$ cat target-v7.tsv   # TSV, C-alpha atoms
chain	number	residue	atom	x	y	z
A	1	MET	CA	0.00	0.00	0.00
A	2	SER	CA	2.82	2.37	0.76
A	3	THR	CA	4.25	2.02	-2.69
A	4	ASP	CA	0.93	3.08	-4.26
A	5	ALA	CA	0.37	5.98	-1.94
A	6	ALA	CA	0.84	9.53	-3.06
A	7	PRO	CA	4.12	11.16	-2.13
A	8	ALA	CA	2.58	14.40	-0.95
A	9	ALA	CA	-0.41	15.73	0.93
A	10	GLY	CA	0.12	19.46	1.07
A	11	PRO	CA	-0.94	21.97	-1.50
A	12	SER	CA	2.62	22.82	-2.33
A	13	SER	CA	3.73	19.22	-2.75
A	14	ARG	CA	3.09	16.60	-5.40
A	15	ALA	CA	0.71	13.71	-4.58
A	16	GLY	CA	-0.43	10.56	-6.33
A	17	GLY	CA	-4.19	11.13	-6.10
A	18	ILE	CA	-6.27	12.36	-9.02
A	19	LEU	CA	-6.91	15.67	-7.22
A	20	ALA	CA	-3.28	16.21	-6.29
A	21	GLY	CA	-1.76	19.62	-6.72
A	22	GLN	CA	-5.07	21.55	-6.85
A	23	SER	CA	-4.27	24.46	-4.56
A	24	MET	CA	-7.71	26.08	-4.76
A	25	LEU	CA	-9.38	22.77	-3.91
A	26	ASP	CA	-6.98	22.28	-1.01
A	27	ARG	CA	-7.90	25.67	0.43
A	28	TRP	CA	-11.65	25.03	0.32
A	29	LEU	CA	-11.14	21.47	1.53
A	30	HIS	CA	-9.52	22.80	4.71
A	31	ILE	CA	-12.22	25.41	5.20
A	32	SER	CA	-15.07	22.95	4.58
A	33	LEU	CA	-13.76	20.37	7.02
A	34	VAL	CA	-13.33	22.93	9.81
A	35	VAL	CA	-16.77	24.49	9.18
A	36	LEU	CA	-18.55	21.11	9.11
A	37	VAL	CA	-16.83	19.83	12.25
A	38	VAL	CA	-17.64	23.03	14.15
A	39	ALA	CA	-21.24	22.94	12.87
A	40	SER	CA	-21.52	19.29	13.97
A	41	VAL	CA	-20.30	20.23	17.44
A	42	VAL	CA	-22.86	23.04	17.64
A	43	ARG	CA	-25.61	20.69	16.46
A	44	TYR	CA	-24.62	18.11	19.07
A	45	LEU	CA	-24.65	20.70	21.87
A	46	GLN	CA	-28.07	21.91	20.74
A	47	GLY	CA	-29.50	18.42	21.04
A	48	HIS	CA	-27.56	17.02	23.98
A	49	GLY	CA	-25.92	19.89	25.79
A	50	LEU	CA	-22.87	19.05	27.87
A	51	GLY	CA	-24.39	15.81	29.02
A	52	ASP	CA	-24.66	12.36	27.44
A	53	GLN	CA	-21.29	11.70	25.65
A	54	ALA	CA	-20.12	15.29	25.35
A	55	GLU	CA	-16.93	14.42	27.24
A	56	VAL	CA	-16.04	12.19	24.24
A	57	VAL	CA	-17.49	14.24	21.38
A	58	LEU	CA	-15.95	17.60	22.26
A	59	PRO	CA	-12.36	16.34	22.81
A	60	GLY	CA	-12.78	14.05	19.78
A	61	ALA	CA	-13.71	17.03	17.57
A	62	VAL	CA	-10.69	18.97	18.84
A	63	ILE	CA	-8.41	15.97	18.23
A	64	LEU	CA	-9.83	15.59	14.68
A	65	LEU	CA	-9.11	19.21	13.80
A	66	VAL	CA	-5.65	19.23	15.40
A	67	ALA	CA	-4.69	15.94	13.74
A	68	TYR	CA	-5.89	17.22	10.39
A	69	ALA	CA	-4.01	20.52	10.70
A	70	ALA	CA	-0.82	18.84	11.91
A	71	GLY	CA	-0.53	16.26	9.17
A	72	ARG	CA	-1.84	17.86	5.98
A	73	ARG	CA	1.71	18.50	4.69
A	74	LEU	CA	3.00	14.97	5.26
A	75	THR	CA	4.27	12.95	2.31
A	76	GLY	CA	4.55	9.31	1.27
A	77	THR	CA	3.64	6.57	3.75
A	78	ALA	CA	3.30	9.11	6.56
A	79	ALA	CA	0.47	10.82	4.64
A	80	VAL	CA	-1.38	7.52	4.28
A	81	VAL	CA	-1.05	6.77	8.00
A	82	TRP	CA	-2.18	10.29	8.83
A	83	LEU	CA	-5.27	9.93	6.61
A	84	ALA	CA	-6.16	6.63	8.26
A	85	ALA	CA	-5.90	8.24	11.70
A	86	VAL	CA	-8.12	11.18	10.69
A	87	ILE	CA	-10.74	8.81	9.24
A	88	ALA	CA	-10.66	6.64	12.36
A	89	CYS	CA	-11.23	9.66	14.60
A	90	TRP	CA	-14.09	10.83	12.39
A	91	THR	CA	-15.63	7.32	12.40
A	92	VAL	CA	-15.85	7.33	16.20
A	93	LEU	CA	-17.47	10.78	16.19
A	94	ALA	CA	-19.95	9.87	13.40
A	95	LEU	CA	-21.09	6.72	15.22
A	96	ILE	CA	-21.64	8.69	18.43
A	97	ALA	CA	-23.10	11.84	16.82
A	98	PRO	CA	-24.46	11.27	13.28
A	99	SER	CA	-24.32	15.02	12.59
A	100	PHE	CA	-20.57	14.52	12.02
A	101	SER	CA	-21.50	12.48	8.94
A	102	TRP	CA	-21.39	15.71	6.89
A	103	ALA	CA	-17.64	15.81	7.42
A	104	ALA	CA	-17.43	12.70	5.26
A	105	VAL	CA	-17.73	14.92	2.15
A	106	PRO	CA	-14.38	16.71	2.55
A	107	LEU	CA	-12.82	13.42	3.69
A	108	VAL	CA	-13.80	11.83	0.37
A	109	PHE	CA	-11.99	14.63	-1.49
A	110	LEU	CA	-9.05	14.27	0.88
A	111	ALA	CA	-8.80	10.57	0.01
A	112	LEU	CA	-8.94	11.38	-3.71
A	113	ARG	CA	-6.18	13.90	-3.15
A	114	VAL	CA	-3.82	11.65	-1.20
A	115	LEU	CA	-4.45	8.08	-2.38
A	116	PRO	CA	-4.30	6.32	-5.74
A	117	PHE	CA	-7.68	5.89	-7.34
A	118	ARG	CA	-8.44	2.31	-6.26
A	119	TRP	CA	-7.60	2.96	-2.61
A	120	ALA	CA	-9.55	6.22	-2.71
A	121	VAL	CA	-12.61	4.33	-3.96
A	122	ALA	CA	-12.27	1.82	-1.11
A	123	VAL	CA	-12.06	4.63	1.46
A	124	THR	CA	-15.11	6.32	-0.11
A	125	VAL	CA	-17.12	3.10	0.20
A	126	PHE	CA	-16.13	2.84	3.87
A	127	LEU	CA	-17.14	6.46	4.57
A	128	VAL	CA	-20.54	5.97	2.90
A	129	ALA	CA	-21.12	2.78	4.91
A	130	VAL	CA	-20.35	4.59	8.17
A	131	VAL	CA	-22.71	7.44	7.27
A	132	ALA	CA	-25.52	5.05	6.35
A	133	PHE	CA	-25.06	2.99	9.51
A	134	ALA	CA	-24.95	6.05	11.77
A	135	TRP	CA	-28.13	7.58	10.38
A	136	SER	CA	-29.97	4.24	10.37
A	137	LYS	CA	-28.97	3.75	14.00
A	138	MET	CA	-30.26	7.20	14.92
A	139	THR	CA	-33.62	6.78	13.16
A	140	GLY	CA	-34.07	3.20	14.30
A	141	LEU	CA	-35.04	1.91	10.82
A	142	ALA	CA	-33.30	1.02	7.57
A	143	ASP	CA	-34.17	4.02	5.39
A	144	PRO	CA	-33.28	3.15	1.75
A	145	THR	CA	-32.79	6.84	0.92
A	146	VAL	CA	-30.23	7.17	3.69
A	147	LEU	CA	-28.37	4.14	2.37
A	148	LEU	CA	-28.64	4.69	-1.38
A	149	GLY	CA	-28.46	8.50	-1.47
A	150	PRO	CA	-24.88	8.83	-0.17
A	151	VAL	CA	-23.83	5.83	-2.28
A	152	CYS	CA	-25.11	7.46	-5.49
A	153	VAL	CA	-23.55	10.81	-4.63
A	154	ALA	CA	-20.22	9.17	-3.86
A	155	VAL	CA	-20.25	7.07	-7.03
A	156	LEU	CA	-21.10	10.08	-9.21
A	157	ALA	CA	-18.47	12.28	-7.59
A	158	VAL	CA	-15.69	9.72	-7.80
A	159	THR	CA	-16.57	8.74	-11.38
A	160	ALA	CA	-16.70	12.37	-12.48
A	161	TYR	CA	-13.30	13.15	-11.04
A	162	ARG	CA	-11.90	9.96	-12.51
A	163	ALA	CA	-13.10	11.08	-15.96
A	164	LEU	CA	-11.55	14.50	-15.43
A	165	GLU	CA	-8.27	12.89	-14.42
A	166	ARG	CA	-8.23	10.70	-17.52
A	167	ASP	CA	-8.97	13.69	-19.75
A	168	ALA	CA	-6.11	15.56	-18.12
A	169	ALA	CA	-3.79	12.60	-18.66
A	170	THR	CA	-4.82	12.45	-22.33
A	171	ARG	CA	-4.09	16.17	-22.75
A	172	ARG	CA	-0.70	15.75	-21.10
A	173	ALA	CA	0.12	12.87	-23.45
A	174	LEU	CA	-0.94	14.89	-26.50
A	175	LEU	CA	1.11	17.84	-25.31
A	176	ALA	CA	4.14	15.61	-24.85
A	177	GLU	CA	3.66	14.21	-28.38
A	178	LEU	CA	3.35	17.74	-29.77
A	179	GLU	CA	6.53	18.83	-28.03
A	180	ALA	CA	8.33	15.75	-29.34
A	181	ALA	CA	7.10	16.49	-32.87
A	182	GLN	CA	8.25	20.10	-32.56
A	183	ASP	CA	11.67	18.90	-31.43
A	184	GLU	CA	11.85	16.56	-34.44
A	185	VAL	CA	10.92	19.40	-36.80
A	186	ALA	CA	13.52	21.66	-35.22
A	187	ASP	CA	16.15	18.93	-35.56
A	188	ALA	CA	15.22	18.40	-39.21
A	189	GLU	CA	15.48	22.13	-39.88
A	190	ARG	CA	18.86	22.27	-38.18
A	191	ARG	CA	20.08	19.31	-40.24
A	192	ALA	CA	18.79	20.92	-43.44
A	193	GLY	CA	20.51	24.15	-42.45
A	194	VAL	CA	23.78	22.32	-41.89
A	195	VAL	CA	23.54	20.63	-45.31
A	196	ALA	CA	22.71	23.93	-47.04
A	197	GLU	CA	25.54	25.71	-45.25
A	198	ARG	CA	28.01	23.02	-46.25
A	199	ALA	CA	26.88	23.29	-49.87
A	200	ARG	CA	27.20	27.08	-49.74
A	201	LEU	CA	30.69	26.95	-48.26
A	202	SER	CA	31.69	24.36	-50.82
A	203	ARG	CA	30.56	26.67	-53.62
A	204	GLU	CA	32.29	29.66	-52.07
A	205	ILE	CA	35.56	27.78	-51.68
A	206	HIS	CA	35.33	26.45	-55.23
A	207	ASP	CA	34.67	29.87	-56.75
A	208	SER	CA	37.15	31.82	-54.63
A	209	VAL	CA	40.06	29.82	-53.25
A	210	ALA	CA	40.03	27.05	-55.87
A	211	GLN	CA	39.79	29.45	-58.79
A	212	GLY	CA	42.53	31.61	-57.33
A	213	LEU	CA	44.82	28.63	-56.90
A	214	THR	CA	44.13	27.61	-60.50
A	215	SER	CA	45.16	31.04	-61.73
A	216	ILE	CA	48.27	31.01	-59.57
A	217	ASN	CA	49.19	27.61	-60.94
A	218	LEU	CA	48.82	28.82	-64.54
A	219	LEU	CA	50.93	31.91	-63.83
A	220	LEU	CA	53.71	29.92	-62.20
A	221	GLN	CA	53.73	27.42	-65.09
A	222	ALA	CA	54.06	30.29	-67.54
A	223	ALA	CA	56.85	31.82	-65.47
A	224	ASP	CA	58.68	28.50	-65.38
A	225	GLN	CA	58.50	28.18	-69.16
A	226	GLU	CA	59.80	31.73	-69.72
A	227	TRP	CA	62.31	31.91	-66.87
A	228	ASP	CA	65.36	31.37	-69.09
A	229	THR	CA	64.20	32.89	-72.37
A	230	ARG	CA	62.19	35.90	-71.13
A	231	PRO	CA	63.06	36.56	-67.49
A	232	ALA	CA	61.24	39.88	-67.41
A	233	ASP	CA	57.99	38.27	-68.46
A	234	ALA	CA	58.60	35.42	-65.99
A	235	ARG	CA	59.03	37.90	-63.13
A	236	ALA	CA	55.85	39.66	-64.21
A	237	HIS	CA	53.98	36.34	-64.04
A	238	VAL	CA	55.39	35.70	-60.57
A	239	ASP	CA	54.28	39.17	-59.46
A	240	GLN	CA	50.81	38.46	-60.80
A	241	ALA	CA	50.75	35.13	-58.97
A	242	ALA	CA	51.70	36.88	-55.74
A	243	THR	CA	48.91	39.40	-56.27
A	244	MET	CA	46.46	36.58	-56.97
A	245	ALA	CA	47.63	34.74	-53.84
A	246	ARG	CA	46.91	37.80	-51.70
A	247	SER	CA	43.49	38.18	-53.31
A	248	SER	CA	42.75	34.48	-52.72
A	249	LEU	CA	43.81	34.85	-49.10
A	250	ASP	CA	41.37	37.73	-48.68
A	251	GLU	CA	38.62	35.67	-50.24
A	252	ALA	CA	39.39	32.73	-47.96
A	253	ARG	CA	39.14	34.99	-44.92
A	254	ARG	CA	35.78	36.28	-46.12
A	255	VAL	CA	34.50	32.73	-46.53
A	256	VAL	CA	35.69	31.75	-43.06
A	257	ARG	CA	34.11	34.79	-41.47
A	258	ASP	CA	31.01	34.51	-43.68
A	259	LEU	CA	31.20	38.24	-44.37
A	260	ALA	CA	30.25	39.86	-47.63
A	261	PRO	CA	32.88	42.29	-48.94
A	262	THR	CA	31.20	45.59	-48.13
A	263	GLU	CA	33.34	47.45	-50.63
A	264	LEU	CA	31.34	45.77	-53.41
A	265	THR	CA	27.86	46.83	-52.29
A	266	GLY	CA	27.83	50.00	-54.38
A	267	GLY	CA	27.20	49.83	-58.12
A	268	SER	CA	30.43	51.62	-59.10
A	269	ALA	CA	32.50	49.43	-56.80
A	270	LEU	CA	30.93	46.33	-58.37
A	271	VAL	CA	31.81	47.58	-61.86
A	272	THR	CA	35.39	48.17	-60.74
A	273	ALA	CA	35.58	44.67	-59.24
A	274	VAL	CA	34.20	43.07	-62.43
A	275	ARG	CA	36.72	44.94	-64.58
A	276	GLN	CA	39.52	43.86	-62.22
A	277	VAL	CA	38.52	40.19	-62.48
A	278	ALA	CA	38.40	40.47	-66.27
A	279	ASP	CA	41.86	42.12	-66.36
A	280	ASP	CA	43.32	39.44	-64.06
A	281	VAL	CA	41.96	36.63	-66.22
A	282	ALA	CA	43.17	38.31	-69.40
A	283	ALA	CA	46.64	38.77	-67.96
A	284	THR	CA	46.75	35.21	-66.64
A	285	THR	CA	45.32	33.29	-69.58
A	286	GLY	CA	45.82	35.50	-72.63
A	287	LEU	CA	42.08	35.69	-73.27
A	288	ALA	CA	40.59	38.90	-74.55
A	289	VAL	CA	38.00	39.86	-71.92
A	290	PRO	CA	36.21	43.10	-72.83
A	291	VAL	CA	33.67	44.37	-70.28
A	292	HIS	CA	30.46	46.23	-71.21
A	293	VAL	CA	28.33	47.95	-68.59
A	294	HIS	CA	24.67	48.75	-69.30
A	295	GLY	CA	22.29	50.79	-67.21
A	296	ASP	CA	22.93	53.07	-64.27
A	297	PRO	CA	25.07	51.32	-61.60
A	298	HIS	CA	23.18	51.21	-58.30
A	299	GLU	CA	23.31	49.56	-54.89
A	300	VAL	CA	22.86	45.78	-55.11
A	301	GLY	CA	23.72	44.44	-51.65
A	302	GLY	CA	26.81	42.66	-50.38
A	303	ARG	CA	25.61	39.11	-51.02
A	304	VAL	CA	24.56	39.88	-54.58
A	305	ALA	CA	27.77	41.76	-55.37
A	306	THR	CA	29.86	38.88	-54.05
A	307	ALA	CA	27.80	36.40	-56.07
A	308	VAL	CA	28.29	38.44	-59.27
A	309	VAL	CA	32.06	38.53	-58.84
A	310	ARG	CA	32.35	34.86	-57.98
A	311	THR	CA	30.04	33.80	-60.78
A	312	LEU	CA	32.20	35.81	-63.20
A	313	ARG	CA	35.35	34.15	-61.91
A	314	GLY	CA	33.85	30.72	-62.27
A	315	ALA	CA	32.53	31.39	-65.75
A	316	LEU	CA	35.86	32.80	-66.98
A	317	ALA	CA	37.75	29.92	-65.37
A	318	ASN	CA	35.56	27.48	-67.30
A	319	VAL	CA	36.22	29.40	-70.52
A	320	ALA	CA	39.98	29.35	-69.93
A	321	GLU	CA	40.15	25.68	-68.98
A	322	HIS	CA	37.55	24.03	-71.23
A	323	ALA	CA	36.31	26.27	-74.05
A	324	GLY	CA	39.48	26.79	-76.10
A	325	ALA	CA	38.24	30.34	-76.76
A	326	SER	CA	40.16	33.47	-77.69
A	327	THR	CA	37.59	36.00	-76.47
A	328	ALA	CA	35.08	36.13	-73.61
A	329	VAL	CA	32.79	39.16	-73.62
A	330	VAL	CA	31.45	40.22	-70.23
A	331	SER	CA	28.22	42.25	-69.99
A	332	LEU	CA	27.08	43.70	-66.66
A	333	THR	CA	23.55	45.11	-66.81
A	334	PHE	CA	21.92	47.14	-64.03
A	335	HIS	CA	18.14	47.27	-64.16
A	336	GLU	CA	15.41	48.25	-61.75
A	337	GLY	CA	15.42	45.77	-58.88
A	338	GLY	CA	18.38	43.69	-59.98
A	339	VAL	CA	21.56	43.10	-61.91
A	340	ALA	CA	22.45	40.66	-64.70
A	341	LEU	CA	25.78	39.18	-65.76
A	342	ASP	CA	26.42	37.66	-69.20
A	343	VAL	CA	29.61	35.91	-70.29
A	344	ARG	CA	29.80	35.01	-73.99
A	345	ASP	CA	32.78	33.14	-75.44
A	346	ASP	CA	33.74	32.03	-78.94
A	347	GLY	CA	34.98	28.64	-77.87
A	348	ALA	CA	34.08	25.05	-78.71
A	349	GLY	CA	30.77	25.00	-76.82
A	350	PHE	CA	29.13	21.84	-75.49
A	351	ASP	CA	25.86	19.93	-75.37
A	352	THR	CA	23.77	21.46	-72.54
A	353	THR	CA	21.60	18.35	-72.24
A	354	ALA	CA	24.47	16.72	-70.35
A	355	LEU	CA	24.09	19.35	-67.67
A	356	ASP	CA	20.39	18.55	-67.19
A	357	ASP	CA	20.79	14.76	-67.37
A	358	ASP	CA	23.85	14.48	-65.14
A	359	PRO	CA	24.71	17.62	-63.14
A	360	GLU	CA	27.71	15.86	-61.60
A	361	SER	CA	29.23	15.20	-65.01
A	362	LEU	CA	30.77	18.67	-65.12
A	363	ARG	CA	33.98	19.28	-63.29
A	364	GLY	CA	33.61	20.29	-59.62
A	365	HIS	CA	30.62	22.49	-58.83
A	366	GLY	CA	31.13	24.64	-61.95
A	367	LEU	CA	27.96	25.71	-63.71
A	368	THR	CA	25.61	23.86	-61.35
A	369	GLY	CA	27.12	25.70	-58.40
A	370	MET	CA	26.66	29.05	-60.14
A	371	ARG	CA	23.02	28.24	-60.82
A	372	ALA	CA	22.41	27.23	-57.19
A	373	ARG	CA	23.97	30.48	-55.96
A	374	ALA	CA	21.85	32.61	-58.29
A	375	ARG	CA	18.64	30.87	-57.21
A	376	LEU	CA	19.48	31.30	-53.54
A	377	LEU	CA	19.69	35.05	-54.18
A	378	GLY	CA	16.35	35.40	-55.92
A	379	GLY	CA	17.61	34.98	-59.48
A	380	ASP	CA	18.57	32.26	-61.93
A	381	LEU	CA	21.29	31.16	-64.32
A	382	VAL	CA	20.73	30.17	-67.94
A	383	ILE	CA	23.29	28.39	-70.12
A	384	GLU	CA	23.08	28.50	-73.90
A	385	SER	CA	25.59	26.50	-75.89
A	386	ALA	CA	26.03	24.08	-78.73
A	387	PRO	CA	29.07	22.24	-80.04
A	388	GLY	CA	31.18	24.62	-82.17
A	389	GLU	CA	29.05	27.69	-81.40
A	390	GLY	CA	30.52	28.95	-78.14
A	391	THR	CA	28.74	29.37	-74.83
A	392	VAL	CA	26.65	32.06	-73.13
A	393	VAL	CA	26.29	32.06	-69.36
A	394	ALA	CA	23.56	34.48	-68.24
A	395	ALA	CA	23.04	35.03	-64.52
A	396	SER	CA	20.46	37.31	-62.92
A	397	PHE	CA	20.19	38.47	-59.32
A	398	ALA	CA	17.60	40.45	-57.38
A	399	ALA	CA	19.33	43.50	-55.94
A	400	GLY	CA	19.32	43.64	-52.16
A	401	GLN	CA	17.78	40.16	-51.83
A	402	LEU	CA	18.87	37.89	-49.02
A	403	GLY	CA	19.94	34.36	-49.71
A	404	ALA	CA	18.51	31.34	-47.93
A	405	GLU	CA	21.51	31.30	-45.61
A	406	GLU	CA	20.85	34.90	-44.52
A	407	ARG	CA	17.16	34.28	-43.97
A	408	ARG	CA	17.98	31.37	-41.67
A	409	GLY	CA	20.64	33.39	-39.87
$ encode --input "target-v7.tsv" --output "structure tokens"
Amino acid sequence: MSTDAAPAAGPSSRAGGILAGQSMLDRWLHISLVVLVVASVVRYLQGHGLGDQAEVVLPGAVILLVAYAAGRRLTGTAAVVWLAAVIACWTVLALIAPSFSWAAVPLVFLALRVLPFRWAVAVTVFLVAVVAFAWSKMTGLADPTVLLGPVCVAVLAVTAYRALERDAATRRALLAELEAAQDEVADAERRAGVVAERARLSREIHDSVAQGLTSINLLLQAADQEWDTRPADARAHVDQAATMARSSLDEARRVVRDLAPTELTGGSALVTAVRQVADDVAATTGLAVPVHVHGDPHEVGGRVATAVVRTLRGALANVAEHAGASTAVVSLTFHEGGVALDVRDDGAGFDTTALDDDPESLRGHGLTGMRARARLLGGDLVIESAPGEGTVVAASFAAGQLGAEERRG
């Protein structure tokens, strides 16, 4: 029995009964018990005065109230023992003075508050039996209303509170399931964010550090070939490689810090950066890279400006490594609400269906990475090419738009 008993009896403690932890009920339970016991004492004195068994009833009522007040904060097995003592004291009083039977009502709630449901039902049955016996003894006949009335009231009360307790348990279970589902959704979003961030960093590294290292490698190879025959040109290539290395280092730091280069946010600064990339590629590869600017340069946002520059680098790197072209024309167009970048070469071209059928068939992230970056920034990337007819890479971006990474951040 002790293992099934509630661990608390006070309003501030936790108990195992179905009415445990109801502070408002506890308060009125205390008040009701005191009022009913005092009223029973008054009723007894009105009918019997200080004679008859008053020397038992009056001290018994005091003991009942003191015992109740002293033990209502007990916990565990002690609370069960205390409840049994209170009920025993009340039983003696009810058998002597049936007016104390009214105190059985708060005692029923007390049992529901302290004991597990089955034990509380057993105590309720005992209390009803005592009440019925006491009143039948007083009236001298077996009144069916006296017997069945308290039984029906007790059954209805206990059943109602049992239903309420089950509803509360169901709500707690549903709430726990909801919280678990929310945690799963949050975990899935975090995992998706991690995957997207890894893909973004991979693209950034490919189009900044990797492209810079490729250019440095080409410059050093050219310097090695010309070191003996044209030392001046070889030193110039080495100087360009050093400049490219510093630029690549800056780009790597930006990737690590996840900071957009603020110097590119303005339209004029973006034009300057595009021209610088074109000049670097022309000096490194020997390509002719003319730059045409259309529209009035305006603010585009750090993310968009960085994406334009890195898309240009990637596109020109592809031209230099794969197209076999002599010229790559760069067009930067500013329009209301966005900016567009076109790179047209006169190289060998390729079959674009391979890009749709097998995106991984192209080297590294390449064109697929450029397209993903453009779409993350509210734009798109279109590739037009055919074998022997050159290639056009057209990227568009929404000026000032945030990428998916920024929206999550």
$ atom_distance --input "target-v7.tsv" --atom1 "CA of Glu165 (chain A)" --atom2 "CA of Ala129 (chain A)"
25.3 Å
$ atom_distance --input "target-v7.tsv" --atom1 "CA of Ala325 (chain A)" --atom2 "CA of Ala340 (chain A)"
22.4 Å
$ residues_around --input "target-v7.tsv" --residues "region 392-401 of chain A" --least-positions-apart "2" --cutoff "10 Å" --atoms "only C-alpha atoms" --output "CSV table (one decimal) with C-alpha atoms, in the coordinates of the input"
chain,number,residue,atom,x,y,z
A,265,THR,CA,27.9,46.8,-52.3
A,298,HIS,CA,23.2,51.2,-58.3
A,299,GLU,CA,23.3,49.6,-54.9
A,300,VAL,CA,22.9,45.8,-55.1
A,301,GLY,CA,23.7,44.4,-51.6
A,302,GLY,CA,26.8,42.7,-50.4
A,303,ARG,CA,25.6,39.1,-51.0
A,304,VAL,CA,24.6,39.9,-54.6
A,305,ALA,CA,27.8,41.8,-55.4
A,307,ALA,CA,27.8,36.4,-56.1
A,308,VAL,CA,28.3,38.4,-59.3
A,311,THR,CA,30.0,33.8,-60.8
A,312,LEU,CA,32.2,35.8,-63.2
A,315,ALA,CA,32.5,31.4,-65.8
A,316,LEU,CA,35.9,32.8,-67.0
A,328,ALA,CA,35.1,36.1,-73.6
A,329,VAL,CA,32.8,39.2,-73.6
A,330,VAL,CA,31.4,40.2,-70.2
A,331,SER,CA,28.2,42.2,-70.0
A,332,LEU,CA,27.1,43.7,-66.7
A,333,THR,CA,23.6,45.1,-66.8
A,334,PHE,CA,21.9,47.1,-64.0
A,335,HIS,CA,18.1,47.3,-64.2
A,336,GLU,CA,15.4,48.2,-61.8
A,337,GLY,CA,15.4,45.8,-58.9
A,338,GLY,CA,18.4,43.7,-60.0
A,339,VAL,CA,21.6,43.1,-61.9
A,340,ALA,CA,22.4,40.7,-64.7
A,341,LEU,CA,25.8,39.2,-65.8
A,342,ASP,CA,26.4,37.7,-69.2
A,343,VAL,CA,29.6,35.9,-70.3
A,344,ARG,CA,29.8,35.0,-74.0
A,345,ASP,CA,32.8,33.1,-75.4
A,346,ASP,CA,33.7,32.0,-78.9
A,349,GLY,CA,30.8,25.0,-76.8
A,367,LEU,CA,28.0,25.7,-63.7
A,370,MET,CA,26.7,29.0,-60.1
A,371,ARG,CA,23.0,28.2,-60.8
A,373,ARG,CA,24.0,30.5,-56.0
A,374,ALA,CA,21.8,32.6,-58.3
A,375,ARG,CA,18.6,30.9,-57.2
A,376,LEU,CA,19.5,31.3,-53.5
A,377,LEU,CA,19.7,35.0,-54.2
A,378,GLY,CA,16.4,35.4,-55.9
A,379,GLY,CA,17.6,35.0,-59.5
A,380,ASP,CA,18.6,32.3,-61.9
A,381,LEU,CA,21.3,31.2,-64.3
A,382,VAL,CA,20.7,30.2,-67.9
A,383,ILE,CA,23.3,28.4,-70.1
A,384,GLU,CA,23.1,28.5,-73.9
A,385,SER,CA,25.6,26.5,-75.9
A,386,ALA,CA,26.0,24.1,-78.7
A,389,GLU,CA,29.0,27.7,-81.4
A,390,GLY,CA,30.5,29.0,-78.1
A,403,GLY,CA,19.9,34.4,-49.7
A,404,ALA,CA,18.5,31.3,-47.9
A,406,GLU,CA,20.8,34.9,-44.5
A,407,ARG,CA,17.2,34.3,-44.0
$ atom_distance --input "target-v7.tsv" --atom1 "CA of Thr353 (chain A)" --atom2 "CA of Ala320 (chain A)"
21.5 Å
$ residues_around --input "target-v7.tsv" --residues "region 29-38 of chain A" --least-positions-apart "4" --cutoff "7 Å" --atoms "all atoms listed in the file" --output "PyMOL selection string"
chain A and resi 25+42+61+65+100+102-103+106
$ residues_near_point --input "target-v7.tsv" --point "(26.9, 54.1, -58.3)" --cutoff "9 Å" --atoms "all atoms listed in the file" --output "list in words"
Gly266, Gly267, Ser268, Ala269, Leu270, Val271, Asp296, Pro297, His298 and Glu299 of chain A
$ closest_residue --input "target-v7.tsv" --among "A:Val80, A:Ala192, A:Ile63, A:Val108" --to "Ala122 (chain A)" --atoms "only C-alpha atoms"
A:Val108
$ axis_aligned_box --input "target-v7.tsv" --around "region 294-306 of chain A" --padding-each-side "5 Å" --output "JSON"
{"center_x": 26.1, "center_y": 46.0, "center_z": -59.8, "size_x": 17.6, "size_y": 24.2, "size_z": 28.9}
